[in-house]
>>> print(open('run12.pdb').read())   # PDB, C-alpha atoms, pLDDT in the B column
ATOM      1  CA  MET A 324       0.782 -49.342 -33.314  1.00 49.00           C
ATOM      2  CA  THR A 325       0.443 -49.881 -29.571  1.00 51.00           C
ATOM      3  CA  ALA A 326       2.301 -48.209 -26.713  1.00 51.00           C
ATOM      4  CA  PHE A 327       2.654 -49.407 -23.136  1.00 50.00           C
ATOM      5  CA  ILE A 328       2.292 -46.761 -20.414  1.00 52.00           C
ATOM      6  CA  PRO A 329       2.747 -47.738 -16.746  1.00 51.00           C
ATOM      7  CA  THR A 330      -0.220 -46.833 -14.566  1.00 52.00           C
ATOM      8  CA  SER A 331       1.681 -46.685 -11.298  1.00 48.00           C
ATOM      9  CA  PRO A 332       5.165 -45.395 -10.549  1.00 51.00           C
ATOM     10  CA  ILE A 333       5.633 -48.255  -8.045  1.00 49.00           C
ATOM     11  CA  SER A 334       4.736 -51.197 -10.242  1.00 46.00           C
ATOM     12  CA  SER A 335       5.963 -51.079 -13.823  1.00 45.00           C
ATOM     13  CA  SER A 336       4.550 -54.549 -14.514  1.00 46.00           C
ATOM     14  CA  ALA A 337       1.017 -53.180 -14.700  1.00 44.00           C
ATOM     15  CA  ALA A 338       0.768 -51.569 -18.104  1.00 47.00           C
ATOM     16  CA  LEU A 339      -2.080 -50.325 -20.209  1.00 49.00           C
ATOM     17  CA  ALA A 340      -2.089 -50.795 -23.945  1.00 51.00           C
ATOM     18  CA  ILE A 341      -3.486 -47.821 -25.840  1.00 51.00           C
ATOM     19  CA  ASN A 342      -3.561 -46.749 -29.431  1.00 54.00           C
ATOM     20  CA  THR A 343      -0.883 -44.130 -30.243  1.00 54.00           C
ATOM     21  CA  ALA A 344      -3.481 -42.109 -32.145  1.00 55.00           C
ATOM     22  CA  GLN A 345      -5.060 -41.386 -28.754  1.00 54.00           C
ATOM     23  CA  ILE A 346      -1.889 -39.763 -27.359  1.00 54.00           C
ATOM     24  CA  PRO A 347      -2.372 -36.003 -27.345  1.00 55.00           C
ATOM     25  CA  THR A 348      -0.569 -33.924 -29.917  1.00 55.00           C
ATOM     26  CA  LEU A 349       1.167 -32.188 -27.046  1.00 53.00           C
ATOM     27  CA  PHE A 350       4.175 -34.429 -27.616  1.00 58.00           C
ATOM     28  CA  ALA A 351       4.161 -34.055 -31.408  1.00 60.00           C
ATOM     29  CA  VAL A 352       6.963 -32.208 -33.187  1.00 63.00           C
ATOM     30  CA  PRO A 353       5.675 -28.858 -34.486  1.00 62.00           C
ATOM     31  CA  GLN A 354       5.589 -28.381 -38.232  1.00 67.00           C
ATOM     32  CA  MET A 355       7.649 -25.480 -39.621  1.00 62.00           C
ATOM     33  CA  GLN A 356       5.887 -22.747 -41.567  1.00 59.00           C
ATOM     34  CA  PRO A 357       7.346 -21.706 -44.917  1.00 56.00           C
ATOM     35  CA  PHE A 358      10.029 -19.076 -44.349  1.00 55.00           C
ATOM     36  CA  SER A 359       8.455 -16.424 -46.548  1.00 51.00           C
ATOM     37  CA  SER A 360       5.101 -16.415 -44.741  1.00 48.00           C
ATOM     38  CA  LEU A 361       6.810 -15.614 -41.448  1.00 49.00           C
ATOM     39  CA  LEU A 362       8.398 -12.445 -42.799  1.00 51.00           C
ATOM     40  CA  VAL A 363       5.765 -10.960 -45.076  1.00 52.00           C
ATOM     41  CA  ALA A 364       2.099 -10.647 -44.242  1.00 53.00           C
ATOM     42  CA  ASP A 365      -0.116 -11.769 -47.092  1.00 54.00           C
ATOM     43  CA  GLU A 366      -3.079  -9.649 -46.064  1.00 62.00           C
ATOM     44  CA  SER A 367      -3.194  -6.298 -44.342  1.00 62.00           C
ATOM     45  CA  PRO A 368      -5.189  -6.463 -41.113  1.00 67.00           C
ATOM     46  CA  ALA A 369      -8.409  -4.488 -40.955  1.00 74.00           C
ATOM     47  CA  ILE A 370      -8.106  -1.272 -38.970  1.00 80.00           C
ATOM     48  CA  GLN A 371     -10.291  -1.343 -35.868  1.00 83.00           C
ATOM     49  CA  THR A 372     -11.469   1.707 -34.000  1.00 85.00           C
ATOM     50  CA  PHE A 373     -12.597   1.650 -30.412  1.00 83.00           C
ATOM     51  CA  ASP A 374     -15.389   3.979 -29.411  1.00 87.00           C
ATOM     52  CA  PRO A 375     -15.996   4.932 -25.775  1.00 88.00           C
ATOM     53  CA  ILE A 376     -18.963   3.265 -24.158  1.00 89.00           C
ATOM     54  CA  MET A 377     -20.668   3.717 -20.828  1.00 88.00           C
ATOM     55  CA  PRO A 378     -19.626   1.225 -18.161  1.00 88.00           C
ATOM     56  CA  ASP A 379     -22.058  -1.373 -16.950  1.00 92.00           C
ATOM     57  CA  THR A 380     -24.624  -0.041 -14.470  1.00 94.00           C
ATOM     58  CA  THR A 381     -23.415  -2.425 -11.757  1.00 95.00           C
ATOM     59  CA  THR A 382     -19.973  -0.838 -12.026  1.00 94.00           C
ATOM     60  CA  LEU A 383     -21.453   2.640 -11.659  1.00 94.00           C
ATOM     61  CA  ILE A 384     -23.542   1.500  -8.687  1.00 96.00           C
ATOM     62  CA  GLY A 385     -20.408   0.027  -7.077  1.00 96.00           C
ATOM     63  CA  PHE A 386     -18.510   3.298  -7.578  1.00 96.00           C
ATOM     64  CA  GLY A 387     -21.422   5.226  -6.085  1.00 96.00           C
ATOM     65  CA  ILE A 388     -21.670   2.983  -3.029  1.00 97.00           C
ATOM     66  CA  LEU A 389     -17.900   3.184  -2.494  1.00 97.00           C
ATOM     67  CA  THR A 390     -17.984   6.982  -2.749  1.00 97.00           C
ATOM     68  CA  ILE A 391     -20.851   7.209  -0.254  1.00 98.00           C
ATOM     69  CA  LEU A 392     -19.076   4.852   2.189  1.00 97.00           C
ATOM     70  CA  CYS A 393     -15.866   6.893   1.949  1.00 96.00           C
ATOM     71  CA  GLY A 394     -17.805  10.109   2.582  1.00 96.00           C
ATOM     72  CA  VAL A 395     -19.634   8.671   5.594  1.00 97.00           C
ATOM     73  CA  SER A 396     -16.377   7.246   6.993  1.00 96.00           C
ATOM     74  CA  TRP A 397     -14.633  10.598   6.587  1.00 94.00           C
ATOM     75  CA  PHE A 398     -17.499  12.426   8.289  1.00 95.00           C
ATOM     76  CA  VAL A 399     -17.606  10.020  11.251  1.00 95.00           C
ATOM     77  CA  TRP A 400     -13.813  10.127  11.580  1.00 92.00           C
ATOM     78  CA  SER A 401     -13.522  13.919  11.492  1.00 90.00           C
ATOM     79  CA  GLU A 402     -16.652  14.752  13.495  1.00 93.00           C
ATOM     80  CA  GLN A 403     -16.778  11.940  16.053  1.00 92.00           C
ATOM     81  CA  VAL A 404     -13.620   9.871  16.457  1.00 92.00           C
ATOM     82  CA  VAL A 405     -10.949  12.572  16.337  1.00 90.00           C
ATOM     83  CA  PRO A 406     -12.621  15.170  18.606  1.00 91.00           C
ATOM     84  CA  VAL A 407     -13.597  12.580  21.213  1.00 93.00           C
ATOM     85  CA  SER A 408     -10.103  11.057  21.205  1.00 92.00           C
ATOM     86  CA  ARG A 409      -8.462  14.475  21.475  1.00 90.00           C
ATOM     87  CA  THR A 410     -10.685  15.374  24.402  1.00 93.00           C
ATOM     88  CA  LYS A 411      -9.900  12.112  26.190  1.00 93.00           C
ATOM     89  CA  LEU A 412      -6.172  12.615  25.594  1.00 91.00           C
ATOM     90  CA  ALA A 413      -6.277  16.215  26.851  1.00 90.00           C
ATOM     91  CA  ILE A 414      -8.045  15.097  30.042  1.00 93.00           C
ATOM     92  CA  SER A 415      -5.571  12.252  30.530  1.00 92.00           C
ATOM     93  CA  LYS A 416      -2.606  14.599  29.971  1.00 89.00           C
ATOM     94  CA  SER A 417      -3.872  17.014  32.598  1.00 89.00           C
ATOM     95  CA  ARG A 418      -4.980  14.595  35.329  1.00 91.00           C
ATOM     96  CA  GLY A 419      -4.865  10.963  34.188  1.00 91.00           C
ATOM     97  CA  ASP A 420      -2.635   8.067  33.195  1.00 92.00           C
ATOM     98  CA  VAL A 421      -0.752  10.012  30.525  1.00 91.00           C
ATOM     99  CA  LYS A 422       0.194  12.675  33.098  1.00 91.00           C
ATOM    100  CA  GLU A 423       1.634   9.996  35.408  1.00 92.00           C
ATOM    101  CA  TYR A 424       3.493   8.398  32.498  1.00 90.00           C
ATOM    102  CA  LEU A 425       5.036  11.733  31.442  1.00 90.00           C
ATOM    103  CA  GLU A 426       6.084  12.512  35.019  1.00 90.00           C
ATOM    104  CA  ASP A 427       7.754   9.083  35.301  1.00 89.00           C
ATOM    105  CA  LEU A 428       9.496   9.699  31.985  1.00 89.00           C
ATOM    106  CA  LYS A 429      10.828  13.082  33.169  1.00 86.00           C
ATOM    107  CA  GLN A 430      12.152  11.567  36.425  1.00 86.00           C
ATOM    108  CA  GLU A 431      13.880   8.566  34.844  1.00 81.00           C
ATOM    109  CA  GLY A 432      15.905  10.779  32.516  1.00 69.00           C
ATOM    110  CA  VAL A 433      18.589   8.968  30.534  1.00 75.00           C
ATOM    111  CA  GLU A 434      17.232   5.459  31.069  1.00 81.00           C
ATOM    112  CA  ARG A 435      14.589   5.752  28.320  1.00 82.00           C
ATOM    113  CA  PRO A 436      16.002   7.972  25.546  1.00 82.00           C
ATOM    114  CA  VAL A 437      13.757   6.687  22.730  1.00 85.00           C
ATOM    115  CA  GLU A 438      10.586   7.413  24.676  1.00 86.00           C
ATOM    116  CA  GLN A 439      11.908  10.838  25.651  1.00 83.00           C
ATOM    117  CA  TRP A 440      12.590  11.587  21.991  1.00 80.00           C
ATOM    118  CA  LEU A 441       9.086  10.443  20.970  1.00 81.00           C
ATOM    119  CA  PHE A 442       7.377  12.540  23.644  1.00 82.00           C
ATOM    120  CA  ALA A 443       9.765  15.519  23.455  1.00 79.00           C
ATOM    121  CA  ASP A 444       6.930  17.908  22.510  1.00 77.00           C
ATOM    122  CA  TRP A 445       4.883  16.892  25.544  1.00 81.00           C
ATOM    123  CA  LEU A 446       7.853  16.928  27.930  1.00 83.00           C
ATOM    124  CA  ARG A 447       9.045  20.394  26.868  1.00 79.00           C
ATOM    125  CA  GLU A 448       7.907  23.209  29.173  1.00 78.00           C
ATOM    126  CA  ASN A 449       8.051  25.891  26.459  1.00 71.00           C
ATOM    127  CA  LYS A 450       5.497  24.722  23.890  1.00 69.00           C
ATOM    128  CA  SER A 451       6.110  27.662  21.532  1.00 67.00           C
ATOM    129  CA  ALA A 452       9.708  26.603  20.807  1.00 63.00           C
ATOM    130  CA  LYS A 453       8.586  23.799  18.490  1.00 66.00           C
ATOM    131  CA  LEU A 454      10.139  24.045  15.029  1.00 69.00           C
ATOM    132  CA  PRO A 455       8.145  23.255  11.872  1.00 70.00           C
ATOM    133  CA  ALA A 456       8.707  19.851  10.277  1.00 69.00           C
ATOM    134  CA  ILE A 457       9.084  21.384   6.819  1.00 70.00           C
ATOM    135  CA  PRO A 458      11.182  24.510   7.393  1.00 71.00           C
ATOM    136  CA  PHE A 459      10.528  26.244   4.058  1.00 70.00           C
ATOM    137  CA  LEU A 460       6.737  26.196   4.580  1.00 69.00           C
ATOM    138  CA  LYS A 461       4.833  28.506   6.905  1.00 71.00           C
ATOM    139  CA  LYS A 462       4.691  27.684  10.578  1.00 73.00           C
ATOM    140  CA  ALA A 463       1.242  26.223  11.017  1.00 71.00           C
ATOM    141  CA  LYS A 464      -0.461  23.749  13.297  1.00 67.00           C
ATOM    142  CA  TRP A 465      -0.373  21.010  10.624  1.00 68.00           C
ATOM    143  CA  ASN A 466       3.352  21.497   9.904  1.00 69.00           C
ATOM    144  CA  SER A 467       4.693  19.189  12.592  1.00 69.00           C
ATOM    145  CA  GLY A 468       6.583  15.923  12.679  1.00 67.00           C
ATOM    146  CA  ASP A 469       3.733  14.140  14.426  1.00 67.00           C
ATOM    147  CA  ASN A 470       1.246  14.839  11.624  1.00 73.00           C
ATOM    148  CA  PRO A 471       0.729  11.492   9.821  1.00 78.00           C
ATOM    149  CA  VAL A 472       0.104  13.237   6.483  1.00 79.00           C
ATOM    150  CA  VAL A 473       3.435  15.076   6.660  1.00 79.00           C
ATOM    151  CA  VAL A 474       5.271  11.916   7.737  1.00 82.00           C
ATOM    152  CA  THR A 475       3.650   9.821   4.992  1.00 88.00           C
ATOM    153  CA  ALA A 476       4.461  12.443   2.353  1.00 88.00           C
ATOM    154  CA  ALA A 477       8.074  12.540   3.554  1.00 87.00           C
ATOM    155  CA  ILE A 478       8.393   8.739   3.403  1.00 93.00           C
ATOM    156  CA  MET A 479       6.883   8.690  -0.091  1.00 96.00           C
ATOM    157  CA  MET A 480       9.261  11.414  -1.282  1.00 94.00           C
ATOM    158  CA  LEU A 481      12.195   9.499   0.202  1.00 95.00           C
ATOM    159  CA  GLY A 482      11.075   6.382  -1.697  1.00 96.00           C
ATOM    160  CA  ILE A 483      10.781   8.361  -4.940  1.00 96.00           C
ATOM    161  CA  VAL A 484      14.249   9.868  -4.511  1.00 95.00           C
ATOM    162  CA  VAL A 485      15.803   6.472  -3.684  1.00 95.00           C
ATOM    163  CA  ALA A 486      14.092   4.834  -6.679  1.00 94.00           C
ATOM    164  CA  SER A 487      15.195   7.661  -8.995  1.00 93.00           C
ATOM    165  CA  VAL A 488      18.791   7.575  -7.818  1.00 92.00           C
ATOM    166  CA  SER A 489      19.004   3.789  -7.930  1.00 92.00           C
ATOM    167  CA  GLU A 490      17.494   3.775 -11.428  1.00 88.00           C
ATOM    168  CA  ARG A 491      20.185   6.149 -12.646  1.00 84.00           C
ATOM    169  CA  VAL A 492      23.014   4.346 -10.893  1.00 79.00           C
ATOM    170  CA  ILE A 493      22.092   0.759 -11.622  1.00 69.00           C
TER     171      ILE A 493
END
>>> encode(input="run12.pdb", output="structure tokens")
Amino acid sequence: MTAFIPTSPISSSAALAINTAQIPTLFAVPQMQPFSSLLVADESPAIQTFDPIMPDTTTLIGFGILTILCGVSWFVWSEQVVPVSRTKLAISKSRGDVKEYLEDLKQEGVERPVEQWLFADWLRENKSAKLPAIPFLKKAKWNSGDNPVVVTAAIMMLGIVVASVSERVI
């Protein structure tokens, strides 16, 4: 038996004759299995146990390199980047561009409320009046709203609460 399949969507006059035995079985109608073999297994499968094995050495080397890079990055960040940046900021707050910016912000008053809210701790004369970000924990230097760890933890907790409530409601 021969079938005609067009080779181009534009011209249907050009056709290629092929043997239908060459057509893939993708278009064939699947054969049904006997009903009983679908419901009852003829043989019980062999029980397999999985024993722990050591990972490949390249995986362990990759973990080691990643751990070393994280440790070096942490050391450089905590011993070099943060202290230098804090020193530069302290100098700029006392006699540099940041001091001028804060003075302009104090003078303009109501015109820039978002910026005043963001820099409220720096604009306040009484630095000891700052409240802790998490009131039920001790008042410490890290317990402030401008600590990225505290802010990130609060955002994560908010996400967990929203997901829990929406899971129960929906």
>>> atom_distance(input="run12.pdb", atom1="CA of Leu425 in chain A", atom2="CA of Phe442 in chain A")
8.2 Å
>>> closest_atom_pairs(input="run12.pdb", of="range 405-483 of chain A", to="range 388-401 of chain A", cutoff="12 Å", atoms="all atoms listed in the file", output="tab-separated table")
residue	atom	partner	partner_atom	distance
A:Val405	CA	A:Ser401	CA	5.6
A:Pro406	CA	A:Ser401	CA	7.3
A:Val407	CA	A:Ser401	CA	9.8
A:Ser408	CA	A:Trp400	CA	10.4
A:Arg409	CA	A:Ser401	CA	11.2
>>> atom_distance(input="run12.pdb", atom1="CA of Ala443 in chain A", atom2="CA of Leu481 in chain A")
24.1 Å
>>> closest_residue(input="run12.pdb", among="A:Leu446, A:Val492, A:Ala486, A:Val472", to="Lys422 in chain A", atoms="all atoms listed in the file")
A:Leu446
>>> residues_around(input="run12.pdb", residues="Gln439 in chain A", least_positions_apart="6", cutoff="12 Å", atoms="only C-alpha atoms", output="PyMOL selection string")
chain A and resi 424-433+445-447
>>> atom_distance(input="run12.pdb", atom1="CA of Glu448 in chain A", atom2="CA of Val404 in chain A")
28.3 Å
>>> axis_aligned_box(input="run12.pdb", around="range 420-437 of chain A", padding_each_side="8 Å", output="AutoDock Vina command-line options")
--center_x 8.0 --center_y 9.3 --center_z 29.6 --size_x 37.2 --size_y 23.6 --size_z 29.7
>>> build_atoms(input="run12.pdb", residues="range 434-449 of chain A", atoms="N, CA, C and O atoms", output="JSON list (two decimals), keeping the file's coordinate frame")
[["chain", "number", "residue", "atom", "x", "y", "z"],
["A", 434, "GLU", "N", 17.52, 6.89, 31.18],
["A", 434, "GLU", "CA", 17.23, 5.46, 31.07],
["A", 434, "GLU", "C", 16.34, 5.11, 29.88],
["A", 434, "GLU", "O", 16.40, 4.00, 29.37],
["A", 435, "ARG", "N", 15.51, 6.03, 29.43],
["A", 435, "ARG", "CA", 14.59, 5.75, 28.32],
["A", 435, "ARG", "C", 14.69, 6.85, 27.25],
["A", 435, "ARG", "O", 13.77, 7.64, 27.05],
["A", 436, "PRO", "N", 15.80, 6.87, 26.49],
["A", 436, "PRO", "CA", 16.00, 7.97, 25.55],
["A", 436, "PRO", "C", 15.04, 7.95, 24.35],
["A", 436, "PRO", "O", 14.66, 9.00, 23.84],
["A", 437, "VAL", "N", 14.65, 6.76, 23.89],
["A", 437, "VAL", "CA", 13.76, 6.69, 22.73],
["A", 437, "VAL", "C", 12.39, 7.26, 23.09],
["A", 437, "VAL", "O", 11.80, 8.04, 22.32],
["A", 438, "GLU", "N", 11.88, 6.89, 24.25],
["A", 438, "GLU", "CA", 10.59, 7.41, 24.68],
["A", 438, "GLU", "C", 10.64, 8.91, 24.91],
["A", 438, "GLU", "O", 9.70, 9.63, 24.58],
["A", 439, "GLN", "N", 11.77, 9.40, 25.45],
["A", 439, "GLN", "CA", 11.91, 10.84, 25.65],
["A", 439, "GLN", "C", 11.93, 11.56, 24.32],
["A", 439, "GLN", "O", 11.38, 12.66, 24.19],
["A", 440, "TRP", "N", 12.56, 10.97, 23.31],
["A", 440, "TRP", "CA", 12.59, 11.59, 21.99],
["A", 440, "TRP", "C", 11.18, 11.61, 21.38],
["A", 440, "TRP", "O", 10.77, 12.61, 20.79],
["A", 441, "LEU", "N", 10.43, 10.50, 21.53],
["A", 441, "LEU", "CA", 9.09, 10.44, 20.97],
["A", 441, "LEU", "C", 8.14, 11.45, 21.63],
["A", 441, "LEU", "O", 7.31, 12.06, 20.96],
["A", 442, "PHE", "N", 8.27, 11.64, 22.92],
["A", 442, "PHE", "CA", 7.38, 12.54, 23.64],
["A", 442, "PHE", "C", 8.04, 13.87, 23.98],
["A", 442, "PHE", "O", 7.66, 14.54, 24.93],
["A", 443, "ALA", "N", 9.02, 14.28, 23.18],
["A", 443, "ALA", "CA", 9.76, 15.52, 23.46],
["A", 443, "ALA", "C", 8.84, 16.73, 23.46],
["A", 443, "ALA", "O", 9.01, 17.65, 24.27],
["A", 444, "ASP", "N", 7.85, 16.77, 22.55],
["A", 444, "ASP", "CA", 6.93, 17.91, 22.51],
["A", 444, "ASP", "C", 6.09, 17.99, 23.78],
["A", 444, "ASP", "O", 5.79, 19.08, 24.26],
["A", 445, "TRP", "N", 5.71, 16.89, 24.35],
["A", 445, "TRP", "CA", 4.88, 16.89, 25.54],
["A", 445, "TRP", "C", 5.71, 17.13, 26.80],
["A", 445, "TRP", "O", 5.21, 17.63, 27.79],
["A", 446, "LEU", "N", 6.99, 16.75, 26.76],
["A", 446, "LEU", "CA", 7.85, 16.93, 27.93],
["A", 446, "LEU", "C", 8.41, 18.35, 28.02],
["A", 446, "LEU", "O", 8.80, 18.79, 29.10],
["A", 447, "ARG", "N", 8.47, 19.04, 26.91],
["A", 447, "ARG", "CA", 9.04, 20.39, 26.87],
["A", 447, "ARG", "C", 8.11, 21.37, 27.59],
["A", 447, "ARG", "O", 6.90, 21.35, 27.39],
["A", 448, "GLU", "N", 8.69, 22.22, 28.43],
["A", 448, "GLU", "CA", 7.91, 23.21, 29.17],
["A", 448, "GLU", "C", 7.45, 24.35, 28.26],
["A", 448, "GLU", "O", 6.34, 24.81, 28.33],
["A", 449, "ASN", "N", 8.35, 24.79, 27.36],
["A", 449, "ASN", "CA", 8.05, 25.89, 26.46],
["A", 449, "ASN", "C", 7.47, 25.31, 25.16],
["A", 449, "ASN", "O", 8.19, 24.88, 24.29]]
